[in-house]
>>> print(open('query.cif').read())   # mmCIF, N, CA and C atoms
data_data
loop_
_atom_site.label_atom_id
_atom_site.label_comp_id
_atom_site.auth_asym_id
_atom_site.auth_seq_id
_atom_site.Cartn_x
_atom_site.Cartn_y
_atom_site.Cartn_z
N MET M 1 21.66 31.41 28.04
CA MET M 1 20.28 31.37 28.52
C MET M 1 20.19 30.42 29.71
N ASN M 2 19.31 30.76 30.62
CA ASN M 2 19.13 29.88 31.78
C ASN M 2 18.04 28.84 31.51
N ALA M 3 17.89 27.91 32.44
CA ALA M 3 16.95 26.80 32.26
C ALA M 3 15.52 27.29 32.10
N THR M 4 15.14 28.30 32.87
CA THR M 4 13.77 28.82 32.78
C THR M 4 13.46 29.34 31.39
N THR M 5 14.40 30.03 30.80
CA THR M 5 14.20 30.55 29.43
C THR M 5 13.99 29.40 28.45
N TRP M 6 14.82 28.36 28.56
CA TRP M 6 14.67 27.20 27.68
C TRP M 6 13.31 26.55 27.87
N ILE M 7 12.86 26.47 29.11
CA ILE M 7 11.56 25.84 29.39
C ILE M 7 10.43 26.69 28.82
N TRP M 8 10.55 28.01 28.92
CA TRP M 8 9.55 28.89 28.31
C TRP M 8 9.55 28.73 26.79
N ILE M 9 10.71 28.58 26.20
CA ILE M 9 10.78 28.33 24.75
C ILE M 9 10.10 27.01 24.42
N GLY M 10 10.29 26.00 25.28
CA GLY M 10 9.59 24.72 25.11
C GLY M 10 8.08 24.90 25.17
N GLY M 11 7.63 25.78 26.06
CA GLY M 11 6.20 26.08 26.13
C GLY M 11 5.69 26.73 24.85
N ALA M 12 6.47 27.65 24.31
CA ALA M 12 6.08 28.31 23.06
C ALA M 12 6.08 27.31 21.90
N HIS M 13 7.06 26.41 21.89
CA HIS M 13 7.14 25.37 20.86
C HIS M 13 5.91 24.47 20.94
N SER M 14 5.54 24.06 22.14
CA SER M 14 4.36 23.20 22.32
C SER M 14 3.09 23.93 21.92
N LEU M 15 2.98 25.19 22.32
CA LEU M 15 1.80 25.98 21.95
C LEU M 15 1.70 26.14 20.44
N ALA M 16 2.82 26.40 19.79
CA ALA M 16 2.81 26.55 18.33
C ALA M 16 2.36 25.26 17.65
N PHE M 17 2.83 24.12 18.14
CA PHE M 17 2.41 22.86 17.54
C PHE M 17 0.95 22.56 17.85
N ALA M 18 0.45 22.96 19.00
CA ALA M 18 -0.97 22.78 19.29
C ALA M 18 -1.81 23.60 18.30
N LEU M 19 -1.41 24.82 18.06
CA LEU M 19 -2.13 25.67 17.11
C LEU M 19 -2.05 25.09 15.70
N PHE M 20 -0.88 24.58 15.34
CA PHE M 20 -0.71 23.94 14.03
C PHE M 20 -1.67 22.76 13.89
N HIS M 21 -1.76 21.93 14.92
CA HIS M 21 -2.66 20.78 14.86
C HIS M 21 -4.13 21.20 14.83
N MET M 22 -4.46 22.33 15.45
CA MET M 22 -5.84 22.84 15.39
C MET M 22 -6.23 23.20 13.96
N ALA M 23 -5.25 23.51 13.15
CA ALA M 23 -5.51 23.91 11.77
C ALA M 23 -5.57 22.73 10.80
N PHE M 24 -5.35 21.51 11.28
CA PHE M 24 -5.28 20.35 10.39
C PHE M 24 -6.55 20.17 9.56
N TRP M 25 -7.71 20.40 10.14
CA TRP M 25 -8.95 20.18 9.39
C TRP M 25 -8.96 21.04 8.14
N LYS M 26 -8.55 22.28 8.28
CA LYS M 26 -8.54 23.19 7.14
C LYS M 26 -7.32 22.95 6.24
N LEU M 27 -6.13 22.84 6.85
CA LEU M 27 -4.89 22.67 6.07
C LEU M 27 -4.93 21.45 5.17
N PHE M 28 -5.46 20.35 5.69
CA PHE M 28 -5.45 19.11 4.94
C PHE M 28 -6.81 18.76 4.34
N GLY M 29 -7.75 19.70 4.43
CA GLY M 29 -9.08 19.47 3.86
C GLY M 29 -9.72 18.20 4.38
N TRP M 30 -9.61 17.98 5.69
CA TRP M 30 -10.08 16.73 6.28
C TRP M 30 -11.56 16.46 6.03
N ARG M 31 -12.36 17.51 5.92
CA ARG M 31 -13.80 17.28 5.68
C ARG M 31 -14.01 16.45 4.42
N GLN M 32 -13.21 16.74 3.40
CA GLN M 32 -13.31 15.99 2.15
C GLN M 32 -12.37 14.78 2.10
N SER M 33 -11.11 15.01 2.47
CA SER M 33 -10.12 13.94 2.29
C SER M 33 -10.39 12.74 3.20
N LEU M 34 -10.94 12.96 4.37
CA LEU M 34 -11.21 11.83 5.27
C LEU M 34 -12.44 11.02 4.88
N LYS M 35 -13.22 11.53 3.92
CA LYS M 35 -14.37 10.76 3.46
C LYS M 35 -13.93 9.43 2.84
N ALA M 36 -12.71 9.40 2.31
CA ALA M 36 -12.20 8.18 1.69
C ALA M 36 -11.83 7.12 2.73
N ALA M 37 -11.60 7.54 3.97
CA ALA M 37 -11.25 6.59 5.04
C ALA M 37 -12.52 5.95 5.59
N ASN M 38 -12.38 4.76 6.17
CA ASN M 38 -13.56 4.16 6.78
C ASN M 38 -13.90 4.93 8.06
N ARG M 39 -15.08 4.70 8.57
CA ARG M 39 -15.59 5.48 9.70
C ARG M 39 -14.67 5.40 10.92
N ALA M 40 -14.18 4.20 11.24
CA ALA M 40 -13.31 4.04 12.41
C ALA M 40 -11.99 4.78 12.22
N ASP M 41 -11.36 4.64 11.06
CA ASP M 41 -10.09 5.33 10.81
C ASP M 41 -10.27 6.85 10.86
N ARG M 42 -11.36 7.32 10.28
CA ARG M 42 -11.66 8.75 10.28
C ARG M 42 -11.81 9.26 11.71
N ALA M 43 -12.53 8.52 12.53
CA ALA M 43 -12.75 8.91 13.92
C ALA M 43 -11.45 8.86 14.71
N ILE M 44 -10.70 7.78 14.55
CA ILE M 44 -9.46 7.61 15.30
C ILE M 44 -8.48 8.74 14.98
N LEU M 45 -8.31 9.08 13.72
CA LEU M 45 -7.39 10.13 13.31
C LEU M 45 -7.76 11.46 13.96
N GLN M 46 -9.03 11.80 13.93
CA GLN M 46 -9.46 13.08 14.49
C GLN M 46 -9.39 13.08 16.02
N ILE M 47 -9.75 11.97 16.64
CA ILE M 47 -9.67 11.88 18.10
C ILE M 47 -8.22 11.99 18.56
N LEU M 48 -7.31 11.26 17.90
CA LEU M 48 -5.90 11.34 18.26
C LEU M 48 -5.36 12.76 18.09
N ASN M 49 -5.77 13.43 17.04
CA ASN M 49 -5.32 14.80 16.84
C ASN M 49 -5.83 15.71 17.95
N LEU M 50 -7.10 15.55 18.33
CA LEU M 50 -7.64 16.37 19.42
C LEU M 50 -6.92 16.09 20.74
N ARG M 51 -6.61 14.84 21.02
CA ARG M 51 -5.90 14.49 22.26
C ARG M 51 -4.48 15.03 22.23
N LEU M 52 -3.83 15.02 21.06
CA LEU M 52 -2.49 15.58 20.94
C LEU M 52 -2.52 17.09 21.19
N ILE M 53 -3.52 17.76 20.67
CA ILE M 53 -3.68 19.19 20.93
C ILE M 53 -3.79 19.43 22.43
N TYR M 54 -4.60 18.62 23.11
CA TYR M 54 -4.78 18.74 24.55
C TYR M 54 -3.45 18.55 25.28
N VAL M 55 -2.70 17.51 24.93
CA VAL M 55 -1.42 17.24 25.58
C VAL M 55 -0.44 18.39 25.34
N LEU M 56 -0.35 18.87 24.12
CA LEU M 56 0.56 19.97 23.81
C LEU M 56 0.18 21.24 24.57
N LEU M 57 -1.11 21.51 24.71
CA LEU M 57 -1.55 22.67 25.49
C LEU M 57 -1.22 22.49 26.97
N CYS M 58 -1.37 21.28 27.48
CA CYS M 58 -1.02 21.01 28.88
C CYS M 58 0.48 21.19 29.11
N ILE M 59 1.29 20.70 28.20
CA ILE M 59 2.74 20.86 28.32
C ILE M 59 3.10 22.34 28.25
N ALA M 60 2.49 23.08 27.34
CA ALA M 60 2.75 24.52 27.25
C ALA M 60 2.40 25.20 28.57
N ALA M 61 1.24 24.86 29.14
CA ALA M 61 0.83 25.45 30.41
C ALA M 61 1.82 25.11 31.52
N LEU M 62 2.26 23.86 31.58
CA LEU M 62 3.26 23.47 32.59
C LEU M 62 4.54 24.29 32.43
N CYS M 63 4.97 24.47 31.19
CA CYS M 63 6.19 25.23 30.94
C CYS M 63 6.06 26.69 31.37
N PHE M 64 4.91 27.27 31.11
CA PHE M 64 4.72 28.69 31.44
C PHE M 64 4.46 28.92 32.93
N VAL M 65 3.77 27.99 33.58
CA VAL M 65 3.35 28.19 34.97
C VAL M 65 4.33 27.56 35.97
N PHE M 66 4.93 26.44 35.60
CA PHE M 66 5.77 25.69 36.54
C PHE M 66 7.21 25.50 36.02
N ALA M 67 7.75 26.50 35.37
CA ALA M 67 9.09 26.37 34.79
C ALA M 67 10.13 25.99 35.84
N ASP M 68 10.10 26.64 37.00
CA ASP M 68 11.08 26.33 38.04
C ASP M 68 10.93 24.90 38.54
N ASP M 69 9.69 24.46 38.72
CA ASP M 69 9.45 23.09 39.17
C ASP M 69 9.92 22.08 38.13
N LEU M 70 9.74 22.39 36.86
CA LEU M 70 10.20 21.48 35.82
C LEU M 70 11.71 21.32 35.87
N HIS M 71 12.40 22.37 36.24
CA HIS M 71 13.86 22.30 36.30
C HIS M 71 14.36 21.75 37.63
N ASP M 72 13.69 22.08 38.73
CA ASP M 72 14.23 21.82 40.05
C ASP M 72 13.75 20.54 40.74
N THR M 73 12.77 19.85 40.17
CA THR M 73 12.27 18.64 40.82
C THR M 73 12.51 17.42 39.93
N ALA M 74 12.57 16.27 40.58
CA ALA M 74 12.77 15.03 39.82
C ALA M 74 11.61 14.79 38.86
N MET M 75 10.39 15.04 39.32
CA MET M 75 9.23 14.83 38.45
C MET M 75 9.27 15.80 37.27
N GLY M 76 9.62 17.05 37.53
CA GLY M 76 9.70 18.03 36.45
C GLY M 76 10.76 17.66 35.43
N ARG M 77 11.89 17.18 35.91
CA ARG M 77 12.96 16.76 35.01
C ARG M 77 12.53 15.54 34.20
N ALA M 78 11.72 14.67 34.82
CA ALA M 78 11.18 13.52 34.08
C ALA M 78 10.25 13.98 32.97
N VAL M 79 9.46 15.02 33.23
CA VAL M 79 8.58 15.57 32.20
C VAL M 79 9.42 16.15 31.06
N LEU M 80 10.45 16.90 31.39
CA LEU M 80 11.33 17.46 30.35
C LEU M 80 11.98 16.35 29.52
N ALA M 81 12.48 15.32 30.20
CA ALA M 81 13.10 14.20 29.48
C ALA M 81 12.06 13.49 28.61
N GLY M 82 10.87 13.32 29.15
CA GLY M 82 9.80 12.68 28.38
C GLY M 82 9.44 13.47 27.14
N MET M 83 9.39 14.78 27.25
CA MET M 83 9.07 15.61 26.08
C MET M 83 10.22 15.59 25.06
N SER M 84 11.44 15.58 25.56
CA SER M 84 12.56 15.49 24.62
C SER M 84 12.49 14.17 23.85
N LEU M 85 12.21 13.09 24.56
CA LEU M 85 12.08 11.79 23.89
C LEU M 85 10.86 11.74 22.98
N PHE M 86 9.80 12.43 23.35
CA PHE M 86 8.62 12.54 22.48
C PHE M 86 9.04 13.09 21.12
N TRP M 87 9.83 14.17 21.13
CA TRP M 87 10.24 14.80 19.87
C TRP M 87 11.28 13.97 19.13
N VAL M 88 12.13 13.25 19.86
CA VAL M 88 13.05 12.32 19.20
C VAL M 88 12.25 11.26 18.46
N GLY M 89 11.26 10.69 19.16
CA GLY M 89 10.41 9.67 18.53
C GLY M 89 9.66 10.21 17.34
N ARG M 90 9.15 11.44 17.46
CA ARG M 90 8.40 12.05 16.35
C ARG M 90 9.31 12.26 15.15
N THR M 91 10.56 12.59 15.41
CA THR M 91 11.53 12.75 14.32
C THR M 91 11.75 11.42 13.60
N ILE M 92 11.95 10.37 14.36
CA ILE M 92 12.16 9.04 13.78
C ILE M 92 10.94 8.63 12.97
N GLU M 93 9.75 8.84 13.52
CA GLU M 93 8.52 8.47 12.82
C GLU M 93 8.36 9.25 11.52
N GLN M 94 8.89 10.45 11.48
CA GLN M 94 8.85 11.24 10.25
C GLN M 94 9.55 10.49 9.11
N PHE M 95 10.69 9.89 9.43
CA PHE M 95 11.45 9.16 8.40
C PHE M 95 10.82 7.82 8.06
N VAL M 96 10.10 7.24 8.99
CA VAL M 96 9.46 5.94 8.75
C VAL M 96 8.16 6.09 7.97
N PHE M 97 7.31 7.05 8.37
CA PHE M 97 5.96 7.13 7.82
C PHE M 97 5.73 8.26 6.81
N LEU M 98 6.58 9.26 6.78
CA LEU M 98 6.33 10.42 5.91
C LEU M 98 7.53 10.67 5.02
N ARG M 99 7.77 9.73 4.14
CA ARG M 99 8.92 9.82 3.22
C ARG M 99 8.53 10.66 2.01
N ILE M 100 8.41 11.94 2.25
CA ILE M 100 8.05 12.88 1.18
C ILE M 100 9.15 13.92 1.09
N ASN M 101 9.71 14.08 -0.09
CA ASN M 101 10.80 15.03 -0.28
C ASN M 101 10.23 16.39 -0.66
N ARG M 102 9.73 17.09 0.36
CA ARG M 102 9.17 18.43 0.16
C ARG M 102 9.78 19.37 1.19
N PRO M 103 9.98 20.62 0.84
CA PRO M 103 10.57 21.57 1.79
C PRO M 103 9.82 21.66 3.12
N LEU M 104 8.49 21.68 3.09
CA LEU M 104 7.72 21.79 4.34
C LEU M 104 7.97 20.58 5.24
N VAL M 105 8.09 19.40 4.67
CA VAL M 105 8.36 18.20 5.46
C VAL M 105 9.73 18.32 6.11
N HIS M 106 10.70 18.87 5.39
CA HIS M 106 12.05 19.05 5.95
C HIS M 106 12.04 20.10 7.06
N VAL M 107 11.27 21.15 6.88
CA VAL M 107 11.14 22.18 7.93
C VAL M 107 10.54 21.56 9.19
N LEU M 108 9.50 20.76 9.02
CA LEU M 108 8.88 20.09 10.17
C LEU M 108 9.88 19.18 10.89
N THR M 109 10.67 18.46 10.12
CA THR M 109 11.68 17.58 10.71
C THR M 109 12.65 18.39 11.57
N VAL M 110 13.08 19.52 11.06
CA VAL M 110 13.98 20.39 11.82
C VAL M 110 13.29 20.87 13.11
N LEU M 111 12.01 21.21 13.02
CA LEU M 111 11.27 21.66 14.20
C LEU M 111 11.10 20.55 15.23
N PHE M 112 10.99 19.30 14.77
CA PHE M 112 10.91 18.18 15.70
C PHE M 112 12.24 17.99 16.43
N VAL M 113 13.33 18.06 15.69
CA VAL M 113 14.67 17.95 16.29
C VAL M 113 14.87 19.10 17.28
N LEU M 114 14.44 20.29 16.87
CA LEU M 114 14.54 21.46 17.73
C LEU M 114 13.78 21.23 19.04
N GLY M 115 12.60 20.64 18.97
CA GLY M 115 11.84 20.34 20.18
C GLY M 115 12.60 19.42 21.11
N ALA M 116 13.24 18.40 20.55
CA ALA M 116 14.04 17.47 21.36
C ALA M 116 15.16 18.22 22.07
N VAL M 117 15.81 19.12 21.36
CA VAL M 117 16.92 19.89 21.94
C VAL M 117 16.41 20.85 22.99
N ILE M 118 15.34 21.58 22.69
CA ILE M 118 14.80 22.58 23.61
C ILE M 118 14.45 21.94 24.96
N PHE M 119 13.80 20.78 24.93
CA PHE M 119 13.41 20.15 26.19
C PHE M 119 14.57 19.45 26.89
N ALA M 120 15.63 19.11 26.15
CA ALA M 120 16.79 18.45 26.76
C ALA M 120 17.75 19.44 27.41
N VAL M 121 17.91 20.60 26.83
CA VAL M 121 18.91 21.55 27.33
C VAL M 121 18.74 21.86 28.82
N PRO M 122 17.53 22.12 29.33
CA PRO M 122 17.42 22.43 30.76
C PRO M 122 17.87 21.28 31.67
N LEU M 123 17.93 20.08 31.14
CA LEU M 123 18.39 18.95 31.94
C LEU M 123 19.89 19.01 32.19
N PHE M 124 20.59 19.80 31.39
CA PHE M 124 22.04 19.87 31.49
C PHE M 124 22.56 21.20 32.02
N ILE M 125 21.64 22.10 32.38
CA ILE M 125 22.09 23.38 32.96
C ILE M 125 21.75 23.43 34.43
#
>>> encode(input="query.cif", output="structure tokens")
Amino acid sequence: MNATTWIWIGGAHSLAFALFHMAFWKLFGWRQSLKAANRADRAILQILNLRLIYVLLCIAALCFVFADDLHDTAMGRAVLAGMSLFWVGRTIEQFVFLRINRPLVHVLTVLFVLGAVIFAVPLFI
């Protein structure tokens, strides 16, 4: 596969995670479960999730619209490296903050590692 294909896959990965995060309110029953949190924590959690959705959608758009620029320019390569490191960090945080031995958690961990690889590969082709 060429770099453009990998970058498009990175866009699909980012879009999929944005859609996944859009479903958090329903998946985790946030309307009820967040009632136990104080007002500030409840607001911060939801705001951070909305901002993450925005960032993931922006990254997906960059991957789909500017794939060649992401591969061929220093700034684009910095974005790819930054996203790879984002997913490396997210993987590490999974082990620090979400120590739950469940199949879905393990699948997510694999998807985080996959994100790190997907965004790193175009840097080496």
>>> atom_distance(input="query.cif", atom1="CA of Arg31 (chain M)", atom2="CA of Val105 (chain M)")
22.2 Å
>>> closest_residue(input="query.cif", among="M:Val107, M:Ile53, M:Val117, M:Ala61", to="Phe17 (chain M)", atoms="all atoms listed in the file")
M:Ile53
>>> resolve_selection(input="query.cif", expression="the PyMOL selection byres ((chain M and resi 64) around 8)", output="NGL selection string")
:M and (7-12 or 58-63 or 65-68)
>>> axis_aligned_box(input="query.cif", around="region 11-25 of chain M", padding_each_side="5 Å", output="AutoDock Vina command-line options")
--center_x -0.7 --center_y 24.2 --center_z 17.1 --size_x 26.6 --size_y 18.1 --size_z 28.0
>>> atom_distance(input="query.cif", atom1="CA of His71 (chain M)", atom2="atom N of Arg51 (chain M)")
26.6 Å
>>> atom_distance(input="query.cif", atom1="CA of Gly115 (chain M)", atom2="CA of Ala16 (chain M)")
11.1 Å
>>> closest_residue(input="query.cif", among="M:Leu108, M:Val113, M:Ile44, M:Met75", to="Val88 (chain M)", atoms="all atoms listed in the file")
M:Val113
>>> resolve_selection(input="query.cif", expression="the PyMOL selection byres (((chain M and resi 122 and name CA) around 12) and name CA)", output="ChimeraX atom specification")
/M:1-10,63,67-73,76-81,83-84,116-121,123-125
